[in-house]
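Have a look at input-v8.txt; it's compact mmCIF, C-alpha atoms and all ligand atoms:
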# COMPACT_ATOMS: atom_id res chain seq x y z
CA MET A 113 30.01 25.42 -5.02
CA LYS A 114 28.10 25.07 -8.31
CA ILE A 115 26.64 21.59 -8.83
CA LEU A 116 25.12 20.34 -12.08
CA LEU A 117 22.68 17.50 -11.34
CA LEU A 118 21.67 15.25 -14.25
CA GLY A 119 18.68 12.91 -13.94
CA PRO A 120 17.07 14.94 -11.13
CA ASP A 121 13.69 13.18 -11.40
CA GLY A 122 14.84 9.57 -10.94
CA GLN A 123 14.83 7.75 -7.61
CA VAL A 124 18.34 8.84 -6.65
CA GLY A 125 18.23 12.17 -8.48
CA TRP A 126 15.14 13.28 -6.58
CA GLU A 127 16.82 12.61 -3.23
CA LEU A 128 20.00 14.31 -4.43
CA ARG A 129 18.07 17.53 -4.98
CA ARG A 130 17.47 17.52 -1.22
CA ALA A 131 20.84 16.25 -0.03
CA LEU A 132 23.00 18.46 -2.27
CA ALA A 133 21.08 21.67 -1.56
CA PRO A 134 23.16 22.69 1.51
CA LEU A 135 26.41 22.29 -0.44
CA GLY A 136 25.80 25.07 -2.93
CA GLU A 137 23.85 26.12 -6.00
CA VAL A 138 22.25 23.03 -7.57
CA ILE A 139 21.35 23.25 -11.26
CA ALA A 140 18.92 20.39 -11.85
CA LEU A 141 18.95 19.57 -15.55
CA ALA A 142 16.37 17.05 -16.74
CA ARG A 143 16.38 15.43 -20.19
CA ASP A 144 13.90 18.00 -21.47
CA ASN A 145 14.31 21.45 -20.01
CA PRO A 146 13.22 24.87 -21.07
CA ALA A 147 16.49 26.65 -20.26
CA GLY A 148 18.13 25.68 -23.53
CA HIS A 149 20.91 23.55 -22.03
CA CYS A 150 21.05 19.89 -23.02
CA GLY A 151 20.36 17.39 -20.23
CA ASP A 152 19.82 14.44 -22.59
CA LEU A 153 22.35 11.64 -22.18
CA ALA A 154 21.43 10.35 -25.62
CA ARG A 155 23.34 13.40 -26.95
CA PRO A 156 26.84 13.16 -25.43
CA ASP A 157 28.39 15.99 -27.44
CA ALA A 158 25.60 18.45 -26.59
CA LEU A 159 25.87 17.38 -22.97
CA ALA A 160 29.62 18.04 -22.91
CA ALA A 161 28.91 21.47 -24.42
CA THR A 162 26.48 22.11 -21.55
CA VAL A 163 29.18 21.24 -19.01
CA ASN A 164 31.63 23.53 -20.80
CA ALA A 165 29.10 26.37 -20.84
CA LEU A 166 27.96 26.06 -17.21
CA ARG A 167 31.43 25.23 -15.78
CA PRO A 168 30.13 23.57 -12.61
CA ASP A 169 32.52 22.63 -9.81
CA VAL A 170 30.78 19.26 -9.60
CA VAL A 171 28.66 17.24 -12.03
CA VAL A 172 26.46 14.64 -10.35
CA ASN A 173 25.10 12.16 -12.87
CA ALA A 174 22.03 10.33 -11.55
CA ALA A 175 20.64 9.65 -15.04
CA ALA A 176 20.99 6.25 -16.65
CA TYR A 177 19.29 3.78 -18.94
CA THR A 178 17.97 1.59 -16.11
CA ALA A 179 15.43 -0.60 -17.98
CA VAL A 180 17.52 -3.75 -17.62
CA ASP A 181 15.38 -6.07 -19.76
CA LYS A 182 14.60 -3.47 -22.44
CA ALA A 183 18.32 -2.78 -22.83
CA GLU A 184 18.84 -6.29 -24.26
CA GLY A 185 17.03 -5.17 -27.43
CA ASP A 186 18.19 -1.55 -27.34
CA ALA A 187 21.93 -1.90 -26.79
CA ASP A 188 22.95 1.14 -28.86
CA THR A 189 20.84 3.57 -26.83
CA ALA A 190 21.87 1.93 -23.56
CA ARG A 191 25.52 2.26 -24.55
CA THR A 192 25.15 5.92 -25.53
CA VAL A 193 23.37 6.82 -22.27
CA ASN A 194 25.30 4.61 -19.85
CA ALA A 195 28.77 4.79 -21.38
CA GLU A 196 29.32 7.41 -24.11
CA ALA A 197 27.56 10.23 -22.26
CA PRO A 198 29.33 9.68 -18.90
CA GLY A 199 32.60 9.48 -20.87
CA ALA A 200 31.91 12.78 -22.64
CA ILE A 201 30.92 14.45 -19.35
CA ALA A 202 34.08 13.10 -17.69
CA ARG A 203 36.34 14.53 -20.39
CA ALA A 204 34.67 17.93 -20.06
CA VAL A 205 35.04 17.75 -16.26
CA ALA A 206 38.70 16.74 -16.61
CA ALA A 207 39.34 19.80 -18.77
CA SER A 208 37.73 22.14 -16.24
CA GLY A 209 39.32 20.55 -13.15
CA GLY A 210 36.01 19.74 -11.45
CA TRP A 211 34.55 16.60 -9.91
CA LEU A 212 32.21 14.00 -11.38
CA VAL A 213 29.94 11.87 -9.21
CA HIS A 214 28.49 8.85 -11.02
CA PHE A 215 26.46 5.81 -10.01
CA SER A 216 27.16 2.27 -11.08
CA THR A 217 25.89 -1.15 -10.20
CA ASP A 218 26.46 -4.66 -8.88
CA TYR A 219 25.55 -5.74 -12.46
CA VAL A 220 29.17 -5.05 -13.49
CA PHE A 221 29.90 -8.44 -11.87
CA ASP A 222 28.90 -11.93 -13.02
CA GLY A 223 27.29 -12.81 -9.69
CA SER A 224 29.20 -16.04 -9.14
CA GLY A 225 30.13 -17.31 -5.67
CA ASP A 226 28.66 -16.37 -2.32
CA GLN A 227 31.12 -13.82 -0.93
CA PRO A 228 30.88 -9.99 -1.03
CA ARG A 229 33.02 -8.40 -3.74
CA ASP A 230 35.26 -5.42 -3.08
CA GLU A 231 36.20 -2.71 -5.56
CA THR A 232 39.23 -4.65 -6.85
CA ALA A 233 37.27 -7.79 -7.75
CA PRO A 234 37.31 -8.74 -11.44
CA THR A 235 34.27 -7.51 -13.35
CA GLY A 236 32.29 -9.67 -15.77
CA PRO A 237 28.87 -8.30 -16.65
CA ILE A 238 26.27 -10.76 -17.98
CA SER A 239 23.76 -8.30 -19.48
CA VAL A 240 23.73 -5.34 -21.88
CA TYR A 241 22.90 -3.05 -18.95
CA GLY A 242 25.86 -4.38 -16.95
CA ARG A 243 28.25 -4.12 -19.88
CA THR A 244 27.23 -0.55 -20.70
CA LYS A 245 27.46 0.53 -17.04
CA LEU A 246 30.94 -0.98 -16.80
CA ALA A 247 31.97 0.78 -20.02
CA GLY A 248 30.76 4.06 -18.47
CA GLU A 249 32.92 3.49 -15.39
CA GLU A 250 35.94 2.71 -17.56
CA LEU A 251 35.53 5.82 -19.71
CA ILE A 252 35.29 7.98 -16.58
CA ARG A 253 38.44 6.46 -15.09
CA ALA A 254 40.28 6.82 -18.43
CA SER A 255 39.35 10.53 -18.70
CA GLY A 256 41.60 11.44 -15.79
CA CYS A 257 38.88 13.54 -14.13
CA ARG A 258 38.49 13.52 -10.35
CA HIS A 259 35.56 11.26 -9.70
CA LEU A 260 33.47 9.40 -7.20
CA ILE A 261 31.85 6.31 -8.73
CA LEU A 262 29.36 4.69 -6.34
CA ARG A 263 28.43 1.09 -7.14
CA THR A 264 25.10 0.31 -5.58
CA SER A 265 22.30 -2.29 -5.75
CA TRP A 266 18.55 -2.85 -5.45
CA VAL A 267 17.65 0.85 -5.11
CA HIS A 268 14.29 1.75 -3.58
CA ALA A 269 12.54 5.07 -2.98
CA ALA A 270 9.15 6.17 -1.72
CA ARG A 271 8.66 8.09 -4.95
CA GLY A 272 7.85 6.12 -8.09
CA GLY A 273 7.35 2.40 -8.57
CA ASN A 274 9.55 -0.15 -6.90
CA PHE A 275 9.74 -3.81 -5.90
CA ALA A 276 8.11 -3.31 -2.47
CA ARG A 277 5.14 -1.48 -3.96
CA THR A 278 4.75 -4.20 -6.61
CA MET A 279 4.72 -6.88 -3.89
CA LEU A 280 2.08 -4.97 -1.91
CA ARG A 281 -0.10 -4.59 -5.00
CA LEU A 282 0.20 -8.26 -5.93
CA ALA A 283 -0.41 -9.37 -2.33
CA ALA A 284 -3.64 -7.38 -2.30
CA GLU A 285 -4.81 -9.18 -5.47
CA ARG A 286 -3.52 -12.75 -5.10
CA ASP A 287 -3.46 -15.52 -2.47
CA ARG A 288 0.05 -16.66 -3.33
CA LEU A 289 3.22 -15.00 -4.66
CA THR A 290 6.34 -16.57 -6.15
CA VAL A 291 9.57 -14.61 -5.90
CA VAL A 292 13.15 -15.57 -6.76
CA ASP A 293 15.06 -16.76 -3.73
CA ASP A 294 18.57 -17.31 -5.11
CA GLN A 295 19.56 -13.69 -5.90
CA ILE A 296 21.14 -12.14 -2.83
CA GLY A 297 21.83 -8.44 -2.35
CA ALA A 298 21.17 -5.38 -0.21
CA PRO A 299 18.14 -3.15 -0.82
CA THR A 300 19.53 0.39 -0.66
CA GLY A 301 17.54 3.59 -0.19
CA ALA A 302 17.88 6.42 -2.67
CA ASP A 303 17.82 8.72 0.37
CA LEU A 304 20.81 6.91 1.91
CA LEU A 305 22.72 7.10 -1.37
CA ALA A 306 22.03 10.82 -1.68
CA ASP A 307 23.18 11.48 1.88
CA ILE A 308 26.33 9.39 1.33
CA THR A 309 27.03 11.36 -1.85
CA ALA A 310 26.79 14.71 -0.07
CA HIS A 311 29.03 13.44 2.75
CA MET A 312 31.63 12.18 0.25
CA LEU A 313 31.59 15.43 -1.71
CA ARG A 314 32.25 17.50 1.42
CA ARG A 315 35.40 15.45 1.93
CA ALA A 316 36.36 15.31 -1.75
CA VAL A 317 36.51 19.07 -2.25
CA VAL A 318 39.23 19.31 0.40
CA ASP A 319 40.99 16.01 -0.34
CA ALA A 320 41.43 15.07 -4.02
CA GLY A 321 43.06 11.84 -2.87
CA VAL A 322 39.64 10.24 -2.28
CA SER A 323 38.90 10.14 -6.03
CA GLY A 324 37.93 6.58 -6.95
CA THR A 325 35.33 3.81 -7.17
CA TYR A 326 33.37 2.73 -4.08
CA ASN A 327 30.77 0.13 -3.22
CA ALA A 328 27.82 1.91 -1.58
CA VAL A 329 24.99 -0.29 -0.28
CA ALA A 330 23.05 -0.70 2.95
CA ALA A 331 24.35 -3.26 5.47
CA GLY A 332 23.16 -6.86 5.58
CA GLU A 333 21.89 -9.11 2.82
CA VAL A 334 18.64 -10.73 1.74
CA SER A 335 17.05 -12.60 -1.17
CA TRP A 336 14.23 -10.99 -3.18
CA CYS A 337 11.93 -13.61 -1.67
CA ASP A 338 12.76 -12.72 1.94
CA TYR A 339 12.66 -9.05 1.01
CA ALA A 340 9.07 -9.59 -0.18
CA ARG A 341 8.20 -11.44 3.05
CA HIS A 342 9.65 -8.57 5.08
CA VAL A 343 7.54 -6.03 3.18
CA LEU A 344 4.32 -8.02 3.63
CA ALA A 345 4.99 -8.67 7.32
CA TRP A 346 5.59 -4.95 7.83
CA ALA A 347 2.35 -4.06 6.04
CA ARG A 348 0.23 -6.71 7.76
CA GLN A 349 1.48 -5.56 11.18
CA ARG A 350 0.15 -2.11 10.35
CA GLY A 351 -3.25 -3.34 9.33
CA VAL A 352 -2.86 -3.13 5.55
CA ALA A 353 -5.42 -5.48 3.94
CA LEU A 354 -3.60 -8.27 2.08
CA LYS A 355 -4.78 -11.53 0.56
CA ALA A 356 -1.26 -12.94 0.70
CA GLY A 357 0.78 -12.55 3.87
CA PRO A 358 4.49 -13.33 4.31
CA ASP A 359 3.78 -17.09 4.60
CA ALA A 360 2.17 -17.06 1.16
CA VAL A 361 5.42 -15.96 -0.54
CA HIS A 362 7.08 -18.95 -2.18
CA GLY A 363 10.64 -19.10 -3.44
CA ILE A 364 11.50 -19.84 -7.05
CA ARG A 365 14.92 -20.30 -8.67
CA THR A 366 16.12 -17.64 -11.09
CA ARG A 367 16.56 -20.29 -13.79
CA ASP A 368 12.83 -21.08 -13.50
CA TYR A 369 11.87 -17.42 -13.96
CA PRO A 370 13.33 -16.45 -17.36
CA THR A 371 13.81 -12.76 -18.14
CA PRO A 372 15.37 -11.14 -21.24
CA ALA A 373 18.40 -9.99 -19.23
CA ALA A 374 20.38 -12.32 -16.98
CA ARG A 375 20.71 -11.16 -13.35
CA PRO A 376 23.70 -11.77 -11.07
CA LEU A 377 22.86 -14.25 -8.30
CA ASN A 378 25.44 -12.90 -5.90
CA SER A 379 25.05 -9.12 -5.63
CA ARG A 380 26.85 -8.84 -2.27
CA LEU A 381 29.16 -5.77 -2.23
CA ASP A 382 31.86 -5.20 0.38
CA THR A 383 31.66 -1.60 1.65
CA THR A 384 34.78 -1.61 3.86
CA LEU A 385 36.62 0.96 1.69
CA LEU A 386 33.75 3.45 1.70
CA ARG A 387 33.09 3.13 5.43
CA HIS A 388 36.72 3.46 6.47
CA ARG A 389 37.81 6.19 4.07
CA PHE A 390 34.78 8.41 4.73
CA ASP A 391 34.08 7.49 8.39
CA LEU A 392 30.61 6.29 7.49
CA HIS A 393 28.18 3.96 9.22
CA LEU A 394 25.88 2.12 6.82
CA PRO A 395 22.54 1.11 8.37
CA ASP A 396 20.94 -2.30 7.95
CA TRP A 397 18.78 -2.56 4.79
CA ARG A 398 15.64 -3.11 6.91
CA SER A 399 15.73 0.36 8.44
CA GLY A 400 15.73 2.01 5.01
CA VAL A 401 13.00 -0.26 3.62
CA ASP A 402 10.77 0.29 6.68
CA ARG A 403 11.18 4.04 6.44
CA MET A 404 10.47 3.99 2.70
CA LEU A 405 7.32 1.89 3.27
CA GLY A 406 6.10 4.25 5.96
CA GLU A 407 6.57 7.18 3.61
CA ALA A 408 5.13 5.45 0.53
CA LEU A 409 2.03 4.19 2.36
CA ASN A 410 1.73 7.16 4.69
CA LEU A 411 1.79 4.85 7.72
CA PRO A 412 3.85 5.17 10.93
N1 LIG A 501 17.50 1.16 -9.56
C1 LIG A 501 18.38 0.27 -9.13
O1 LIG A 501 18.02 -0.77 -8.54
C2 LIG A 501 19.85 0.50 -9.31
C3 LIG A 501 20.75 -0.49 -8.89
C4 LIG A 501 22.12 -0.28 -9.07
C5 LIG A 501 22.58 0.91 -9.63
N2 LIG A 501 21.69 1.84 -10.05
C6 LIG A 501 22.20 3.07 -10.67
O2 LIG A 501 21.84 4.17 -9.85
C7 LIG A 501 21.64 5.34 -10.67
C8 LIG A 501 20.30 5.97 -10.37
O3 LIG A 501 19.28 5.01 -10.66
P1 LIG A 501 17.76 5.21 -10.24
O4 LIG A 501 17.33 4.01 -9.50
O5 LIG A 501 17.58 6.56 -9.64
O6 LIG A 501 17.12 5.15 -11.70
P2 LIG A 501 15.74 5.74 -12.23
O7 LIG A 501 14.80 5.97 -11.11
O8 LIG A 501 15.37 4.84 -13.37
O9 LIG A 501 16.19 7.15 -12.79
C9 LIG A 501 16.99 7.27 -13.94
C10 LIG A 501 16.73 8.64 -14.50
O10 LIG A 501 17.52 8.78 -15.68
C11 LIG A 501 16.71 9.44 -16.62
N3 LIG A 501 17.15 9.18 -17.98
C12 LIG A 501 17.08 8.06 -18.72
N4 LIG A 501 17.55 8.27 -19.96
C13 LIG A 501 17.92 9.57 -20.00
C14 LIG A 501 18.47 10.40 -21.00
N5 LIG A 501 18.73 9.96 -22.23
N6 LIG A 501 18.75 11.69 -20.69
C15 LIG A 501 18.48 12.19 -19.47
N7 LIG A 501 17.94 11.45 -18.47
C16 LIG A 501 17.68 10.16 -18.74
C17 LIG A 501 15.33 8.88 -16.40
O11 LIG A 501 14.38 9.72 -16.97
P3 LIG A 501 13.02 9.09 -17.56
O12 LIG A 501 12.25 8.54 -16.39
O13 LIG A 501 12.40 10.24 -18.23
O14 LIG A 501 13.45 7.98 -18.52
C18 LIG A 501 15.26 8.86 -14.88
O15 LIG A 501 14.84 10.11 -14.36
C19 LIG A 501 21.82 4.87 -12.11
O16 LIG A 501 23.14 5.14 -12.52
C20 LIG A 501 21.62 3.36 -12.04
O17 LIG A 501 22.33 2.69 -13.06
C21 LIG A 501 20.33 1.67 -9.88

Just dump the structure as structure tokens.
Ligand SMILES: NC(=O)c1ccc[n+]([C@@H]2O[C@H](COP(=O)([O-])OP(=O)(O)OC[C@H]3O[C@@H](n4cnc5c(N)ncnc54)[C@H](OP(=O)(O)O)[C@@H]3O)[C@@H](O)[C@H]2O)c1
Amino acid sequence: MKILLLGPDGQVGWELRRALAPLGEVIALARDNPAGHCGDLARPDALAATVNALRPDVVVNAAAYTAVDKAEGDADTARTVNAEAPGAIARAVAASGGWLVHFSTDYVFDGSGDQPRDETAPTGPISVYGRTKLAGEELIRASGCRHLILRTSWVHAARGGNFARTMLRLAAERDRLTVVDDQIGAPTGADLLADITAHMLRRAVVDAGVSGTYNAVAAGEVSWCDYARHVLAWARQRGVALKAGPDAVHGIRTRDYPTPAARPLNSRLDTTLLRHRFDLHLPDWRSGVDRMLGEALNLP
């Protein structure tokens, strides 16, 4: 199997390099690459030409415009990268009869209510990022290509910056932290997502009937505030020097912490379809976060 991987240096893309390797030849195409093929999602037509030239069996798109706040003032670029480019890739994949794997987000929803949403729930994005990601999904579905769209949330990885690292840095500098306590979701490891992707692809290549959109997040739920407390408790237990421990994390409402882009309060995603159709067990979010922390801090 020939797999074209876009965005191979992001959180999820990096883990996909590992997880996809046993499936076949992985061509990892970053935005700038010396080989002459275009891996830049800001250039949808050139990207489609790359897909046509390489004729992969599978395109895995882990690239996206993920700067949620910046996107509010840069909607055209966000739309090109998150919607037009996936659409152009999907049409090229449809023409060649391959598969497209794409990642989407809980931000396609408005975040109302307190129940998990399944894949059939009405969408209603409240930010530029959310709207452009939803438009990307819709263009992929409209292309008629066989696809796996994985909607995920609150991605973390040992590599690169992330929320847990930021909390650890701030807790080393300050006596007290304030973190929003009314956004609820599931922190999900890039490693878990990559492994799920490889598992789904193994099934997909022998059963085209699994083409579709799936919620893919770790099990359980937590607020950002309790997530921060969990991270600091984990670190303190292992002797990491902190000025602020878990008791020094104070909750704040989202409405009292203004950001350029609105965030959904309810990011709960129902994963029943994914688990049943692919015989998957999704671990609790804590196991992935603890493992990521151990790796990021080089602690057991
Ligand atoms: N992070 C989250 O919490 C989260 C939550 C829900 C869904 N998702 C989705 O999950 C997927 C993977 O996200 P992630 O967390 O791995 O994001 P990430 O770490 O920000 O990686 C995104 C990658 O896309 C690349 N990229 C951006 N613009 C590009 C362009 N024009 N051409 C080529 N590459 C470009 C980035 O490269 P540069 O670094 O060079 O810009 C980066 O390597 C995305 O579809 C995202 O929307 C993420």

Residue contacts of Thr300 of chain A (12 Å, only C-alpha atoms) excluding same-chain residues fewer than 2 positions away, as a PyMOL selection string: chain A and resi 123-124+217-218+263-270+274-275+297-298+302-308+327-334+339+380-381+394-404

With 8 Å as the cut-off and only C-alpha atoms and all ligand atoms counted, what is the closest atom pair between each nearby residue of chain A and ligand LIG 501 (chain A)? Distances in Å to one decimal, ordered by chain and number, as a tab-separated table.
residue	atom	partner	partner_atom	distance
A:Leu118	CA	A:LIG501	N7	6.8
A:Gly119	CA	A:LIG501	O10	4.6
A:Pro120	CA	A:LIG501	O15	6.2
A:Asp121	CA	A:LIG501	O15	4.4
A:Gly122	CA	A:LIG501	O9	3.3
A:Gln123	CA	A:LIG501	O5	3.6
A:Val124	CA	A:LIG501	O5	3.8
A:Gly125	CA	A:LIG501	O5	5.8
A:Trp126	CA	A:LIG501	O5	7.8
A:Ala142	CA	A:LIG501	C15	6.0
A:Arg143	CA	A:LIG501	C15	3.9
A:Asp144	CA	A:LIG501	C15	7.7
A:Gly151	CA	A:LIG501	C15	5.6
A:Asp152	CA	A:LIG501	N6	3.5
A:Leu153	CA	A:LIG501	N6	3.9
A:Ala154	CA	A:LIG501	N5	4.4
A:Arg155	CA	A:LIG501	N5	7.4
A:Asn173	CA	A:LIG501	O16	7.3
A:Ala174	CA	A:LIG501	C8	4.8
A:Ala175	CA	A:LIG501	O10	3.3
A:Ala176	CA	A:LIG501	O10	4.4
A:Tyr177	CA	A:LIG501	C12	4.8
A:Thr178	CA	A:LIG501	O8	5.0
A:Ala179	CA	A:LIG501	O8	7.1
A:Val193	CA	A:LIG501	N5	5.6
A:Asn194	CA	A:LIG501	O17	7.7
A:His214	CA	A:LIG501	O16	6.7
A:Phe215	CA	A:LIG501	O16	4.2
A:Ser216	CA	A:LIG501	C5	5.0
A:Thr217	CA	A:LIG501	C5	3.9
A:Asp218	CA	A:LIG501	C4	6.2
A:Tyr219	CA	A:LIG501	C4	7.3
A:Lys245	CA	A:LIG501	O17	6.8
A:Arg263	CA	A:LIG501	C5	6.4
A:Thr264	CA	A:LIG501	C4	4.6
A:Ser265	CA	A:LIG501	C4	3.9
A:Trp266	CA	A:LIG501	O1	3.8
A:Val267	CA	A:LIG501	O1	3.8
A:His268	CA	A:LIG501	O1	6.7
A:Gly272	CA	A:LIG501	O7	7.6
A:Ala302	CA	A:LIG501	O5	7.0

Interatomic distance between atom CA of Ala340 of chain A and atom CA of Ala373 of chain A?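 Between atom CA of Ala340 of chain A and atom CA of Ala373 of chain A the gap is 21.2 Å.
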
Please identify all polymer residues within 8 Å of Phe390 of chain A, counting all atoms listed in the file, omitting same-chain residues fewer than 3 positions from it, and present them as a list in words. His311, Met312, Arg315, Leu386 and Arg387 of chain A

Quick one: pull the distance between atom CA of Asp157 of chain A and atom CA of Ile115 of chain A, Å, one decimal.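 Taking atom CA of Asp157 of chain A as the start and atom CA of Ile115 of chain A as the end point, the length is 19.5 Å.
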
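The spacing separating atom CA of Asp359 of chain A from atom CA of Pro299 of chain A amounts to 20.7 Å.
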